[in-house]
>>> print(open('start01.pdb').read())   # PDB, C-alpha atoms
ATOM      1  CA  MET Z1216     131.135  64.571 155.176
ATOM      2  CA  SER Z1217     132.656  66.544 152.323
ATOM      3  CA  VAL Z1218     135.368  68.980 153.394
ATOM      4  CA  ARG Z1219     136.610  71.190 150.608
ATOM      5  CA  THR Z1220     140.212  72.029 149.843
ATOM      6  CA  GLN Z1221     141.601  73.729 146.764
ATOM      7  CA  SER Z1222     141.398  71.730 143.520
ATOM      8  CA  SER Z1223     142.136  72.808 139.979
ATOM      9  CA  GLU Z1224     139.422  70.760 138.332
ATOM     10  CA  GLU Z1225     136.450  73.081 138.609
ATOM     11  CA  PRO Z1226     133.855  72.698 135.815
ATOM     12  CA  ALA Z1227     133.733  75.548 133.297
ATOM     13  CA  GLU Z1228     130.536  77.554 133.679
ATOM     14  CA  THR Z1229     129.433  80.424 131.466
ATOM     15  CA  VAL Z1230     126.294  81.643 133.284
ATOM     16  CA  HIS Z1231     126.547  84.782 135.415
ATOM     17  CA  ARG Z1232     125.207  84.685 138.946
ATOM     18  CA  ALA Z1233     124.495  87.448 141.443
ATOM     19  CA  GLY Z1234     123.133  87.314 144.948
ATOM     20  CA  PHE Z1235     123.501  87.878 148.659
ATOM     21  CA  ALA Z1236     125.414  85.887 151.247
ATOM     22  CA  CYS Z1237     125.741  86.562 154.936
ATOM     23  CA  PHE Z1238     128.216  85.325 157.491
ATOM     24  CA  VAL Z1239     126.814  84.397 160.870
ATOM     25  CA  GLY Z1240     128.509  83.224 164.008
ATOM     26  CA  ARG Z1241     128.913  84.259 167.564
ATOM     27  CA  PRO Z1242     130.698  87.529 168.231
ATOM     28  CA  ASN Z1243     134.396  87.468 167.303
ATOM     29  CA  ALA Z1244     134.148  84.368 165.067
ATOM     30  CA  GLY Z1245     136.047  86.133 162.270
ATOM     31  CA  LYS Z1246     133.117  87.302 160.138
ATOM     32  CA  SER Z1247     134.316  90.838 159.422
ATOM     33  CA  THR Z1248     137.908  89.772 158.726
ATOM     34  CA  LEU Z1249     136.597  87.226 156.242
ATOM     35  CA  THR Z1250     134.398  89.844 154.543
ATOM     36  CA  ASN Z1251     137.418  92.120 154.150
ATOM     37  CA  ALA Z1252     139.600  89.288 152.787
ATOM     38  CA  LEU Z1253     136.999  88.339 150.170
ATOM     39  CA  VAL Z1254     136.405  91.920 149.047
ATOM     40  CA  GLY Z1255     140.120  92.707 149.143
ATOM     41  CA  GLN Z1256     139.606  96.046 150.859
ATOM     42  CA  LYS Z1257     138.652  97.077 154.348
ATOM     43  CA  VAL Z1258     134.861  97.502 154.394
ATOM     44  CA  ALA Z1259     133.632  95.890 157.607
ATOM     45  CA  ILE Z1260     135.153  97.027 160.858
ATOM     46  CA  THR Z1261     137.296  94.412 162.552
ATOM     47  CA  SER Z1262     138.148  94.478 166.194
ATOM     48  CA  ASN Z1263     139.132  91.882 168.731
ATOM     49  CA  ARG Z1264     136.223  93.113 170.841
ATOM     50  CA  PRO Z1265     133.056  91.077 170.429
ATOM     51  CA  GLN Z1266     129.990  92.778 168.971
ATOM     52  CA  THR Z1267     131.604  95.599 167.040
ATOM     53  CA  THR Z1268     129.519  95.323 163.858
ATOM     54  CA  ARG Z1269     126.194  97.066 164.248
ATOM     55  CA  HIS Z1270     125.318  98.057 160.705
ATOM     56  CA  THR Z1271     124.648  95.764 157.806
ATOM     57  CA  VAL Z1272     127.808  96.424 155.818
ATOM     58  CA  ARG Z1273     127.673  94.948 152.359
ATOM     59  CA  GLY Z1274     130.988  93.997 150.846
ATOM     60  CA  ILE Z1275     130.815  93.318 147.118
ATOM     61  CA  VAL Z1276     132.984  90.673 145.468
ATOM     62  CA  HIS Z1277     133.212  91.222 141.694
ATOM     63  CA  ARG Z1278     134.099  88.134 139.636
ATOM     64  CA  GLU Z1279     133.856  87.378 135.936
ATOM     65  CA  ASP Z1280     131.203  84.735 136.554
ATOM     66  CA  ALA Z1281     129.430  86.286 139.520
ATOM     67  CA  GLN Z1282     128.783  89.161 141.852
ATOM     68  CA  LEU Z1283     128.660  88.152 145.486
ATOM     69  CA  ILE Z1284     127.188  90.698 147.876
ATOM     70  CA  LEU Z1285     128.189  90.053 151.476
ATOM     71  CA  VAL Z1286     125.862  91.201 154.196
ATOM     72  CA  ASP Z1287     127.640  91.430 157.514
ATOM     73  CA  THR Z1288     125.220  91.090 160.426
ATOM     74  CA  PRO Z1289     125.857  91.717 164.120
ATOM     75  CA  GLY Z1290     126.707  88.575 166.102
ATOM     76  CA  LEU Z1291     123.604  86.791 167.386
ATOM     77  CA  HIS Z1292     123.653  86.564 171.174
ATOM     78  CA  LYS Z1293     121.323  86.221 174.154
ATOM     79  CA  PRO Z1294     120.037  89.798 174.482
ATOM     80  CA  ARG Z1295     120.347  91.744 177.726
ATOM     81  CA  THR Z1296     119.206  95.174 176.510
ATOM     82  CA  LEU Z1297     116.753  96.678 174.035
ATOM     83  CA  LEU Z1298     119.701  97.271 171.682
ATOM     84  CA  GLY Z1299     120.556  93.563 171.960
ATOM     85  CA  GLU Z1300     117.006  92.553 171.033
ATOM     86  CA  ARG Z1301     116.988  94.894 168.026
ATOM     87  CA  LEU Z1302     120.328  93.516 166.833
ATOM     88  CA  ASN Z1303     118.976  89.954 167.020
ATOM     89  CA  ASP Z1304     115.886  90.956 165.002
ATOM     90  CA  VAL Z1305     118.185  92.446 162.345
ATOM     91  CA  VAL Z1306     120.061  89.136 162.157
ATOM     92  CA  ARG Z1307     116.950  86.982 161.704
ATOM     93  CA  THR Z1308     115.461  89.281 159.068
ATOM     94  CA  THR Z1309     118.742  89.189 157.149
ATOM     95  CA  TRP Z1310     118.951  85.383 157.241
ATOM     96  CA  ALA Z1311     115.522  85.060 155.691
ATOM     97  CA  GLU Z1312     116.426  87.388 152.805
ATOM     98  CA  VAL Z1313     119.831  86.121 151.627
ATOM     99  CA  ASP Z1314     120.642  83.401 149.060
ATOM    100  CA  VAL Z1315     123.271  81.595 151.133
ATOM    101  CA  ILE Z1316     124.410  81.629 154.777
ATOM    102  CA  GLY Z1317     128.016  81.051 155.867
ATOM    103  CA  PHE Z1318     128.214  79.875 159.506
ATOM    104  CA  CYS Z1319     131.619  80.924 160.893
ATOM    105  CA  LEU Z1320     133.143  78.729 163.610
ATOM    106  CA  PRO Z1321     136.689  79.467 164.806
ATOM    107  CA  ALA Z1322     139.083  76.508 164.497
ATOM    108  CA  ASN Z1323     140.801  77.403 167.763
ATOM    109  CA  GLU Z1324     137.754  77.222 170.041
ATOM    110  CA  LYS Z1325     135.651  74.151 170.810
ATOM    111  CA  LEU Z1326     131.971  74.377 169.861
ATOM    112  CA  GLY Z1327     130.130  76.015 172.734
ATOM    113  CA  PRO Z1328     126.612  77.008 173.808
ATOM    114  CA  GLY Z1329     126.799  80.179 171.675
ATOM    115  CA  ASP Z1330     127.466  78.109 168.528
ATOM    116  CA  ARG Z1331     124.607  75.723 169.368
ATOM    117  CA  PHE Z1332     122.268  78.648 170.003
ATOM    118  CA  ILE Z1333     122.958  79.964 166.479
ATOM    119  CA  ALA Z1334     122.906  76.497 164.846
ATOM    120  CA  LYS Z1335     119.440  75.857 166.334
ATOM    121  CA  GLU Z1336     118.203  79.153 164.883
ATOM    122  CA  LEU Z1337     119.752  78.217 161.513
ATOM    123  CA  ALA Z1338     118.050  74.825 161.554
ATOM    124  CA  GLY Z1339     114.731  76.686 161.582
ATOM    125  CA  ILE Z1340     115.550  78.465 158.318
ATOM    126  CA  ARG Z1341     114.889  75.610 155.924
ATOM    127  CA  LYS Z1342     115.219  76.974 152.394
ATOM    128  CA  THR Z1343     118.510  78.864 152.526
ATOM    129  CA  PRO Z1344     121.644  76.772 151.757
ATOM    130  CA  LYS Z1345     124.243  76.848 154.541
ATOM    131  CA  ILE Z1346     128.033  76.532 154.342
ATOM    132  CA  ALA Z1347     130.009  75.827 157.523
ATOM    133  CA  ILE Z1348     133.176  77.953 157.456
ATOM    134  CA  VAL Z1349     135.943  76.985 159.861
ATOM    135  CA  THR Z1350     137.821  80.262 160.421
ATOM    136  CA  LYS Z1351     141.258  81.070 161.928
ATOM    137  CA  THR Z1352     142.791  77.774 160.709
ATOM    138  CA  ASP Z1353     146.258  79.362 160.917
ATOM    139  CA  LEU Z1354     145.966  79.146 164.724
ATOM    140  CA  VAL Z1355     145.680  75.336 164.984
ATOM    141  CA  ASP Z1356     147.480  72.174 163.867
ATOM    142  CA  SER Z1357     145.953  69.636 161.473
ATOM    143  CA  LYS Z1358     144.788  67.311 164.269
ATOM    144  CA  ALA Z1359     142.807  70.050 166.043
ATOM    145  CA  LEU Z1360     141.379  71.161 162.690
ATOM    146  CA  ALA Z1361     140.244  67.610 161.853
ATOM    147  CA  GLU Z1362     138.527  67.324 165.253
ATOM    148  CA  GLN Z1363     136.706  70.624 164.677
ATOM    149  CA  LEU Z1364     135.542  69.532 161.202
ATOM    150  CA  ILE Z1365     134.127  66.290 162.620
ATOM    151  CA  ALA Z1366     132.400  68.181 165.473
ATOM    152  CA  ILE Z1367     130.745  70.571 162.984
ATOM    153  CA  ASP Z1368     129.616  67.680 160.774
ATOM    154  CA  GLN Z1369     128.086  66.025 163.887
ATOM    155  CA  LEU Z1370     126.382  69.257 164.958
ATOM    156  CA  GLY Z1371     124.697  69.462 161.538
ATOM    157  CA  LYS Z1372     123.476  65.857 161.753
ATOM    158  CA  GLU Z1373     122.190  66.375 165.291
ATOM    159  CA  LEU Z1374     120.107  69.430 164.350
ATOM    160  CA  GLY Z1375     119.068  68.327 160.870
ATOM    161  CA  ILE Z1376     121.213  70.881 159.007
ATOM    162  CA  ALA Z1377     122.575  69.565 155.689
ATOM    163  CA  TRP Z1378     125.744  71.627 155.175
ATOM    164  CA  ALA Z1379     126.152  72.468 151.465
ATOM    165  CA  GLU Z1380     129.911  72.540 152.182
ATOM    166  CA  ILE Z1381     132.301  72.529 155.123
ATOM    167  CA  VAL Z1382     135.317  74.664 154.264
ATOM    168  CA  PRO Z1383     138.365  75.574 156.417
ATOM    169  CA  VAL Z1384     139.810  79.063 155.779
ATOM    170  CA  SER Z1385     142.265  81.541 157.208
ATOM    171  CA  ALA Z1386     141.438  85.114 156.250
ATOM    172  CA  THR Z1387     144.580  86.571 157.835
ATOM    173  CA  ALA Z1388     146.882  84.064 156.075
ATOM    174  CA  ASN Z1389     144.726  84.265 152.922
ATOM    175  CA  GLN Z1390     144.291  80.464 152.762
ATOM    176  CA  GLN Z1391     141.300  79.061 150.853
ATOM    177  CA  VAL Z1392     139.554  82.458 150.697
ATOM    178  CA  ASP Z1393     139.261  82.183 146.890
ATOM    179  CA  LEU Z1394     137.981  78.634 147.255
ATOM    180  CA  LEU Z1395     135.248  79.904 149.581
ATOM    181  CA  ALA Z1396     134.150  82.404 146.903
ATOM    182  CA  ASP Z1397     134.156  79.516 144.368
ATOM    183  CA  LEU Z1398     131.881  77.471 146.648
ATOM    184  CA  LEU Z1399     129.491  80.326 147.437
ATOM    185  CA  THR Z1400     129.048  81.288 143.756
ATOM    186  CA  PRO Z1401     127.058  78.228 142.511
ATOM    187  CA  LEU Z1402     124.563  78.765 145.353
ATOM    188  CA  LEU Z1403     123.590  82.202 143.996
ATOM    189  CA  PRO Z1404     120.719  82.706 141.550
ATOM    190  CA  GLU Z1405     121.524  83.324 137.870
ATOM    191  CA  GLY Z1406     121.302  86.962 136.861
ATOM    192  CA  PRO Z1407     123.202  90.132 135.902
ATOM    193  CA  ALA Z1408     125.367  92.134 138.329
ATOM    194  CA  LEU Z1409     123.323  94.120 140.847
ATOM    195  CA  TYR Z1410     125.955  96.801 141.519
ATOM    196  CA  PRO Z1411     128.265  98.740 139.181
ATOM    197  CA  GLU Z1412     131.822  97.424 138.757
ATOM    198  CA  GLY Z1413     134.080  99.214 141.217
ATOM    199  CA  ASP Z1414     131.525  99.479 144.016
ATOM    200  CA  LEU Z1415     132.806  97.675 147.116
ATOM    201  CA  THR Z1416     129.983  98.520 149.483
ATOM    202  CA  ASP Z1417     126.623 100.285 149.402
ATOM    203  CA  GLU Z1418     126.975 101.713 152.895
ATOM    204  CA  PRO Z1419     126.657 105.495 152.911
ATOM    205  CA  GLU Z1420     130.139 106.972 153.362
ATOM    206  CA  GLN Z1421     129.066 108.732 156.539
ATOM    207  CA  VAL Z1422     128.159 105.410 158.185
ATOM    208  CA  MET Z1423     131.479 103.841 157.184
ATOM    209  CA  VAL Z1424     133.397 106.854 158.504
ATOM    210  CA  ALA Z1425     131.519 106.577 161.814
ATOM    211  CA  GLU Z1426     132.388 102.858 161.977
ATOM    212  CA  LEU Z1427     136.108 103.553 161.412
ATOM    213  CA  ILE Z1428     136.108 106.136 164.217
ATOM    214  CA  ARG Z1429     134.282 103.675 166.468
ATOM    215  CA  GLU Z1430     136.806 100.962 165.677
ATOM    216  CA  ALA Z1431     139.699 103.252 166.630
ATOM    217  CA  ALA Z1432     137.878 104.321 169.824
ATOM    218  CA  LEU Z1433     137.383 100.679 170.850
ATOM    219  CA  GLU Z1434     141.025  99.834 170.636
ATOM    220  CA  GLY Z1435     142.744  99.426 173.969
ATOM    221  CA  VAL Z1436     139.673 100.500 175.920
ATOM    222  CA  ARG Z1437     138.810  98.694 179.120
ATOM    223  CA  ASP Z1438     136.316  95.842 178.830
ATOM    224  CA  GLU Z1439     133.358  97.761 180.190
ATOM    225  CA  LEU Z1440     133.180 100.161 177.240
ATOM    226  CA  PRO Z1441     132.654  98.299 173.946
ATOM    227  CA  HIS Z1442     128.863  98.380 173.895
ATOM    228  CA  SER Z1443     128.722 101.885 175.337
ATOM    229  CA  ILE Z1444     130.303 103.638 172.351
ATOM    230  CA  ALA Z1445     128.300 105.020 169.442
ATOM    231  CA  VAL Z1446     129.630 107.439 166.818
ATOM    232  CA  VAL Z1447     127.549 109.873 164.779
ATOM    233  CA  VAL Z1448     129.096 111.869 161.923
ATOM    234  CA  GLU Z1449     127.326 115.239 162.126
ATOM    235  CA  GLU Z1450     128.681 116.589 158.844
ATOM    236  CA  MET Z1451     131.170 115.934 156.054
ATOM    237  CA  LEU Z1452     131.868 118.996 153.895
ATOM    238  CA  PRO Z1453     134.628 119.881 151.429
ATOM    239  CA  ARG Z1454     136.603 122.873 152.786
ATOM    240  CA  GLU Z1455     135.803 125.976 150.748
ATOM    241  CA  ASP Z1456     138.453 128.113 148.970
ATOM    242  CA  ARG Z1457     140.795 125.130 148.455
ATOM    243  CA  PRO Z1458     142.584 124.726 145.114
ATOM    244  CA  ALA Z1459     141.216 121.798 143.060
ATOM    245  CA  ASP Z1460     144.474 119.834 143.415
ATOM    246  CA  LYS Z1461     144.534 120.261 147.218
ATOM    247  CA  PRO Z1462     141.082 119.346 148.498
ATOM    248  CA  LEU Z1463     140.351 118.944 152.198
ATOM    249  CA  LEU Z1464     137.295 117.283 153.701
ATOM    250  CA  ASP Z1465     136.056 118.572 157.063
ATOM    251  CA  ILE Z1466     134.455 115.829 159.170
ATOM    252  CA  HIS Z1467     132.712 116.666 162.447
ATOM    253  CA  ALA Z1468     131.815 113.629 164.564
ATOM    254  CA  ASN Z1469     130.532 112.920 168.066
ATOM    255  CA  VAL Z1470     131.576 109.908 170.112
ATOM    256  CA  PHE Z1471     128.678 109.061 172.452
ATOM    257  CA  ILE Z1472     129.116 107.188 175.721
ATOM    258  CA  GLU Z1473     126.557 106.324 178.410
ATOM    259  CA  ARG Z1474     127.992 107.785 181.603
ATOM    260  CA  PRO Z1475     130.061 110.847 182.515
ATOM    261  CA  SER Z1476     132.582 108.546 184.257
ATOM    262  CA  GLN Z1477     133.409 106.965 180.873
ATOM    263  CA  LYS Z1478     134.447 110.293 179.392
ATOM    264  CA  GLY Z1479     137.887 110.230 181.005
ATOM    265  CA  ILE Z1480     138.564 106.726 179.673
ATOM    266  CA  ILE Z1481     137.895 107.792 176.078
ATOM    267  CA  ILE Z1482     139.709 111.147 176.311
ATOM    268  CA  GLY Z1483     142.688 109.815 178.276
ATOM    269  CA  PRO Z1484     145.255 111.780 180.300
ATOM    270  CA  LYS Z1485     145.685 115.255 178.769
ATOM    271  CA  GLY Z1486     143.493 114.197 175.846
ATOM    272  CA  LYS Z1487     146.089 111.733 174.557
ATOM    273  CA  ARG Z1488     143.725 108.823 173.870
ATOM    274  CA  LEU Z1489     141.232 110.891 171.920
ATOM    275  CA  LYS Z1490     144.089 112.378 169.916
ATOM    276  CA  ASP Z1491     145.331 108.859 169.076
ATOM    277  CA  VAL Z1492     141.801 107.836 168.066
ATOM    278  CA  GLY Z1493     141.689 110.871 165.762
ATOM    279  CA  ILE Z1494     145.074 110.137 164.151
ATOM    280  CA  LYS Z1495     144.334 106.441 163.659
ATOM    281  CA  SER Z1496     140.828 106.827 162.259
ATOM    282  CA  ARG Z1497     141.825 109.772 160.050
ATOM    283  CA  LYS Z1498     144.403 107.588 158.257
ATOM    284  CA  GLN Z1499     141.768 104.899 157.642
ATOM    285  CA  ILE Z1500     139.170 107.461 156.483
ATOM    286  CA  GLU Z1501     141.649 109.075 154.082
ATOM    287  CA  ALA Z1502     142.458 105.647 152.638
ATOM    288  CA  LEU Z1503     138.744 104.897 152.254
ATOM    289  CA  LEU Z1504     137.732 108.218 150.683
ATOM    290  CA  GLY Z1505     140.978 108.942 148.830
ATOM    291  CA  THR Z1506     141.157 112.542 150.029
ATOM    292  CA  PRO Z1507     142.899 114.457 152.865
ATOM    293  CA  VAL Z1508     140.653 114.874 155.909
ATOM    294  CA  PHE Z1509     140.398 117.280 158.843
ATOM    295  CA  LEU Z1510     138.710 115.338 161.642
ATOM    296  CA  ASP Z1511     137.003 117.140 164.519
ATOM    297  CA  LEU Z1512     136.021 114.730 167.348
ATOM    298  CA  HIS Z1513     133.915 115.460 170.426
ATOM    299  CA  VAL Z1514     132.964 113.116 173.263
ATOM    300  CA  LYS Z1515     129.380 113.438 174.531
ATOM    301  CA  VAL Z1516     127.284 111.633 177.129
ATOM    302  CA  ALA Z1517     123.947 110.127 176.012
ATOM    303  CA  LYS Z1518     122.716 108.657 179.268
ATOM    304  CA  ASP Z1519     121.897 104.911 179.063
ATOM    305  CA  TRP Z1520     121.318 105.184 175.304
ATOM    306  CA  GLN Z1521     121.256 101.405 174.819
ATOM    307  CA  ARG Z1522     118.024 101.136 176.820
ATOM    308  CA  ASP Z1523     116.234 104.201 175.485
ATOM    309  CA  PRO Z1524     114.211 103.763 172.242
ATOM    310  CA  LYS Z1525     114.327 107.519 171.468
ATOM    311  CA  GLN Z1526     118.113 107.698 171.792
ATOM    312  CA  LEU Z1527     118.590 104.455 169.833
ATOM    313  CA  ARG Z1528     116.696 106.029 166.936
ATOM    314  CA  ARG Z1529     118.725 109.234 167.145
ATOM    315  CA  LEU Z1530     121.966 107.243 167.065
ATOM    316  CA  GLY Z1531     120.811 105.322 164.016
ATOM    317  CA  PHE Z1532     119.616 102.004 165.488
TER     318      PHE Z1532
END
>>> encode(input="start01.pdb", output="structure tokens")
Amino acid sequence: MSVRTQSSEEPAETVHRAGFACFVGRPNAGKSTLTNALVGQKVAITSNRPQTTRHTVRGIVHREDAQLILVDTPGLHKPRTLLGERLNDVVRTTWAEVDVIGFCLPANEKLGPGDRFIAKELAGIRKTPKIAIVTKTDLVDSKALAEQLIAIDQLGKELGIAWAEIVPVSATANQQVDLLADLLTPLLPEGPALYPEGDLTDEPEQVMVAELIREAALEGVRDELPHSIAVVVEEMLPREDRPADKPLLDIHANVFIERPSQKGIIIGPKGKRLKDVGIKSRKQIEALLGTPVFLDLHVKVAKDWQRDPKQLRRLGF
């Protein structure tokens, strides 16, 4: 078993590589946080609620020797709704199209049925190289980490997965994140950069804005709501008659929930929660777009949208 830790003796390589990598793992395994740490800017939404990433957000890591495009897929899980099935299909399609797969396994949780479920699926994808990434290493001591590394090595042997690397990282403490990029790079095909320098994601801005609002709306909400929230940005328009040095962007967005009874939870007493969601997400949106924003939020009911193909389409799934 080869476990990688930082070393200064990396061979000099002059070829340029460019390609796609995706992080997989059960919900809340640290995939989005890792994407953000590698890119160095917030592009994927992170939340301590499982299953928050619904769109394929590509984070782009620009290096002198390579361009690594990170595709962030929803967590693979046993589906209970039509939305769940569609999310799983998105995951499998993505796996077949990328150049390398990073399987994220948190250091602070023993391998469970969810991890095995994903590992079995991965074993079926023969050609794509796979790196096992042990995330959240800042939460455990060296003994627990060693046990997790051995367990992951065993899991690979059991299912016939030859890990290209097993690498422990902590995205929040920024430990070994650069090393991970160094290990992913040689697994990419040779070729020129696929995106212009300076691009960090190819997600349309409207989708990213909707994700930031959704992230703020998820925070502190009771457990029954996470999968019931969808956000659609209806329009984003620069405010007319503003001087060039004082632009203002008007954003009108709807937060959709499934049942009228959920409305009160999102809005909060005297509208306080919705106001907090607006303040929090506006700050993030302004940081993302680099311009002052006026955010107009409305909460609407789209009855049982997760089970209705027509509504799923309308909400962008």
>>> residues_around(input="start01.pdb", residues="range 1354-1360 of chain Z", least_positions_apart="3", cutoff="12 Å", atoms="all atoms listed in the file", output="list in words")
Val1218, Leu1320, Pro1321, Ala1322, Asn1323, Glu1324, Lys1325, Ile1348, Val1349, Thr1350, Lys1351, Gln1363, Leu1364, Ile1365, Ala1366, Ile1367, Ile1381, Val1382, Pro1383, Val1384, Ser1385, Ala1386, Thr1387 and Ala1388 of chain Z
>>> axis_aligned_box(input="start01.pdb", around="range 1363-1368 of chain Z", padding_each_side="4 Å", output="AutoDock Vina command-line options")
--center_x 133.2 --center_y 68.5 --center_z 163.1 --size_x 15.1 --size_y 12.3 --size_z 12.7
>>> resolve_selection(input="start01.pdb", expression="the PyMOL selection byres ((chain Z and resi 1473) around 9)", output="list in words")
Ser1443, Ile1444, Phe1471, Ile1472, Arg1474, Pro1475, Ser1476, Gln1477, Lys1478, Lys1515, Val1516, Ala1517, Lys1518, Asp1519, Trp1520 and Gln1521 of chain Z
>>> write_last_selection(input="start01.pdb", atoms="C-alpha atoms", output="PDB file, keeping the file's coordinate frame")
ATOM      1  CA  SER Z1443     128.722 101.885 175.337  1.00  0.00           C
ATOM      2  CA  ILE Z1444     130.303 103.638 172.351  1.00  0.00           C
ATOM      3  CA  PHE Z1471     128.678 109.061 172.452  1.00  0.00           C
ATOM      4  CA  ILE Z1472     129.116 107.188 175.721  1.00  0.00           C
ATOM      5  CA  ARG Z1474     127.992 107.785 181.603  1.00  0.00           C
ATOM      6  CA  PRO Z1475     130.061 110.847 182.515  1.00  0.00           C
ATOM      7  CA  SER Z1476     132.582 108.546 184.257  1.00  0.00           C
ATOM      8  CA  GLN Z1477     133.409 106.965 180.873  1.00  0.00           C
ATOM      9  CA  LYS Z1478     134.447 110.293 179.392  1.00  0.00           C
ATOM     10  CA  LYS Z1515     129.380 113.438 174.531  1.00  0.00           C
ATOM     11  CA  VAL Z1516     127.284 111.633 177.129  1.00  0.00           C
ATOM     12  CA  ALA Z1517     123.947 110.127 176.012  1.00  0.00           C
ATOM     13  CA  LYS Z1518     122.716 108.657 179.268  1.00  0.00           C
ATOM     14  CA  ASP Z1519     121.897 104.911 179.063  1.00  0.00           C
ATOM     15  CA  TRP Z1520     121.318 105.184 175.304  1.00  0.00           C
ATOM     16  CA  GLN Z1521     121.256 101.405 174.819  1.00  0.00           C
TER      17      GLN Z1521
END
>>> resolve_selection(input="start01.pdb", expression="the PyMOL selection byres ((chain Z and resi 1314) around 7)", output="ChimeraX atom specification")
/Z:1234-1236,1312-1313,1315,1343,1403
>>> atom_distance(input="start01.pdb", atom1="CA of Ala1281 in chain Z", atom2="CA of Val1392 in chain Z")
15.6 Å
>>> resolve_selection(input="start01.pdb", expression="the PyMOL selection byres ((chain Z and resi 1231) around 12)", output="list in words")
Ala1227, Glu1228, Thr1229, Val1230, Arg1232, Ala1233, Gly1234, His1277, Arg1278, Glu1279, Asp1280, Ala1281, Gln1282, Leu1283, Thr1400, Pro1401, Leu1402, Leu1403, Pro1404, Glu1405, Gly1406, Pro1407, Ala1408 and Leu1409 of chain Z
>>> closest_residue(input="start01.pdb", among="Z:Leu1489, Z:Val1254, Z:Cys1319, Z:Leu1394", to="Val1514 in chain Z", atoms="only C-alpha atoms")
Z:Leu1489
>>> atom_distance(input="start01.pdb", atom1="CA of Val1424 in chain Z", atom2="CA of Leu1512 in chain Z")
12.1 Å
>>> atom_distance(input="start01.pdb", atom1="CA of Ile1275 in chain Z", atom2="CA of Arg1219 in chain Z")
23.1 Å
>>> closest_residue(input="start01.pdb", among="Z:Ile1466, Z:Ala1445, Z:Ile1482, Z:Leu1527", to="Phe1509 in chain Z", atoms="all atoms listed in the file")
Z:Ile1466
>>> closest_residue(input="start01.pdb", among="Z:Arg1429, Z:Arg1241, Z:Arg1522, Z:His1467", to="Phe1332 in chain Z", atoms="all atoms listed in the file")
Z:Arg1241
>>> residues_around(input="start01.pdb", residues="Ile1500 in chain Z", least_positions_apart="5", cutoff="10 Å", atoms="only C-alpha atoms", output="VMD selection string")
chain Z and resid 1420 1423 to 1428 1466 1495 1505 to 1508 1510
>>> closest_residue(input="start01.pdb", among="Z:Leu1374, Z:Asn1389, Z:Lys1293, Z:Asp1330", to="Leu1253 in chain Z", atoms="only C-alpha atoms")
Z:Asn1389
>>> residues_near_point(input="start01.pdb", point="(114.7, 77.8, 161.9)", cutoff="12 Å", atoms="all atoms listed in the file", output="list in words")
Arg1307, Thr1308, Trp1310, Ala1311, Phe1332, Ile1333, Ala1334, Lys1335, Glu1336, Leu1337, Ala1338, Gly1339, Ile1340, Arg1341, Lys1342, Thr1343, Leu1374, Gly1375 and Ile1376 of chain Z
>>> write_last_selection(input="start01.pdb", atoms="C-alpha atoms", output="short mmCIF file (atom, residue, chain, number, x, y, z; two decimals), in the frame of the given file")
data_model
loop_
_atom_site.label_atom_id
_atom_site.label_comp_id
_atom_site.auth_asym_id
_atom_site.auth_seq_id
_atom_site.Cartn_x
_atom_site.Cartn_y
_atom_site.Cartn_z
CA ARG Z 1307 116.95 86.98 161.70
CA THR Z 1308 115.46 89.28 159.07
CA TRP Z 1310 118.95 85.38 157.24
CA ALA Z 1311 115.52 85.06 155.69
CA PHE Z 1332 122.27 78.65 170.00
CA ILE Z 1333 122.96 79.96 166.48
CA ALA Z 1334 122.91 76.50 164.85
CA LYS Z 1335 119.44 75.86 166.33
CA GLU Z 1336 118.20 79.15 164.88
CA LEU Z 1337 119.75 78.22 161.51
CA ALA Z 1338 118.05 74.82 161.55
CA GLY Z 1339 114.73 76.69 161.58
CA ILE Z 1340 115.55 78.46 158.32
CA ARG Z 1341 114.89 75.61 155.92
CA LYS Z 1342 115.22 76.97 152.39
CA THR Z 1343 118.51 78.86 152.53
CA LEU Z 1374 120.11 69.43 164.35
CA GLY Z 1375 119.07 68.33 160.87
CA ILE Z 1376 121.21 70.88 159.01
#
